[in-house]
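Novice: First the structure, then my questions, so here it is.
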Amino acid sequence: MIYEYASAAANNGSGLEGLGDATLWWNLSASFSLLAGRYIPIVALLLLADSMSRKQSVPATAGTLRTDTGLFTGVTAGVILILGALTFFPVLALGPVAEAFQIARGIG
């Protein structure tokens with residue numbers, strides 16, 4: 001039943017078809033789950049944007065990292081590259097890299 005509601009909220013089209021959900025209860029409750037899965041995140045982001053728009057500007061100090069410098073661009077690009085590498089490293093380690101080690105050792 002949890003998968004049915006999670007599927008409805010994500011609208012991924014993989015509802016649990018063995019459930020026999022062609023009843024009024026399942027249709028209405030899954031519809032509520034779909035609407036909640038759509039509009040709660042939208043409303044939360046709008047509230048966050050409103051909160052951020054109301055913040056007062058803070059004067060720059062010696063500890064402020066300005067966003068219009070090469071340092072900020074470099075740090076941001078470095079973080080993105082490191083996270084991307086860490087995301088794909090397990091796949092590479094289990095696939096092509098492991099196969100290359102096996103071939104080099106003469107196992108494969």
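Quick note on naming: the chains in the structure tokens go A, B, ... in the order shown, residues restart at 1 in each chain, and ligands are numbered from 1 in order of appearance.
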What's the 6 Å shell around segment 22-39 of chain A, counting only C-alpha atoms, without same-chain residues fewer than 6 positions away, as a list in words?
Specialist: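 So, after excluding close chain neighbours, the residues are Tyr5, Ala8 and Ala9 of chain A.
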Novice: Once DSSP has gone over the backbone, tell me which residues of segment 27-71 of chain A are in alpha helix (DSSP H), as a list of chain:residue names.
Specialist: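 These are the residues in question: A:Asn27, A:Leu28, A:Ser29, A:Ala30, A:Ser31, A:Phe32, A:Ser33, A:Leu34, A:Leu35, A:Ala36, A:Gly37, A:Arg38, A:Tyr39, A:Ile40, A:Pro41, A:Ile42, A:Val43, A:Ala44, A:Leu45, A:Leu46, A:Leu47, A:Leu48, A:Ala49, A:Asp50, A:Ser51, A:Met52, A:Ser53, A:Gly70, A:Leu71.
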Novice: Only C-alpha atoms, please: the residues just picked out, written as a short mmCIF file (atom, residue, chain, number, x, y, z; two decimals), in the first residue's frame.
Specialist:
data_model
loop_
_atom_site.label_atom_id
_atom_site.label_comp_id
_atom_site.auth_asym_id
_atom_site.auth_seq_id
_atom_site.Cartn_x
_atom_site.Cartn_y
_atom_site.Cartn_z
CA ASN A 27 -8.89 6.36 -6.49
CA LEU A 28 -9.70 9.18 -4.07
CA SER A 29 -6.88 8.48 -1.63
CA ALA A 30 -4.31 8.07 -4.44
CA SER A 31 -5.59 11.31 -5.97
CA PHE A 32 -5.06 13.06 -2.64
CA SER A 33 -1.55 11.58 -2.48
CA LEU A 34 -0.86 12.82 -6.03
CA LEU A 35 -2.06 16.33 -5.23
CA ALA A 36 -0.11 16.43 -1.96
CA GLY A 37 3.00 15.15 -3.72
CA ARG A 38 2.71 17.94 -6.24
CA TYR A 39 1.58 20.98 -4.30
CA ILE A 40 3.25 20.60 -0.89
CA PRO A 41 6.78 20.91 -2.39
CA ILE A 42 5.65 23.82 -4.59
CA VAL A 43 4.14 25.69 -1.65
CA ALA A 44 7.20 24.94 0.50
CA LEU A 45 9.51 26.40 -2.16
CA LEU A 46 7.32 29.47 -2.56
CA LEU A 47 7.38 30.01 1.21
CA LEU A 48 11.16 29.61 1.21
CA ALA A 49 11.50 32.11 -1.65
CA ASP A 50 9.25 34.57 0.20
CA SER A 51 11.30 34.15 3.36
CA MET A 52 14.54 34.74 1.48
CA SER A 53 13.15 37.80 -0.31
CA GLY A 70 37.13 33.57 -9.44
CA LEU A 71 37.57 31.92 -6.02
#
Novice: So, counting only C-alpha atoms, which residue among A:Ala93, A:Leu19, A:Ser14, A:Ala62 is closest to Met1 of chain A?
Specialist: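 Smallest distance to Met1 of chain A is found for A:Leu19.
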Novice: Figure out the distance between atom CA of Arg54 of chain A and atom CA of Thr76 of chain A, please, to one decimal in Å.
Specialist: 25.8 Å
Novice: How many Å separate atom CA of Thr87 of chain A from atom CA of Val75 of chain A?
Specialist: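 So the answer is 18.1 Å.
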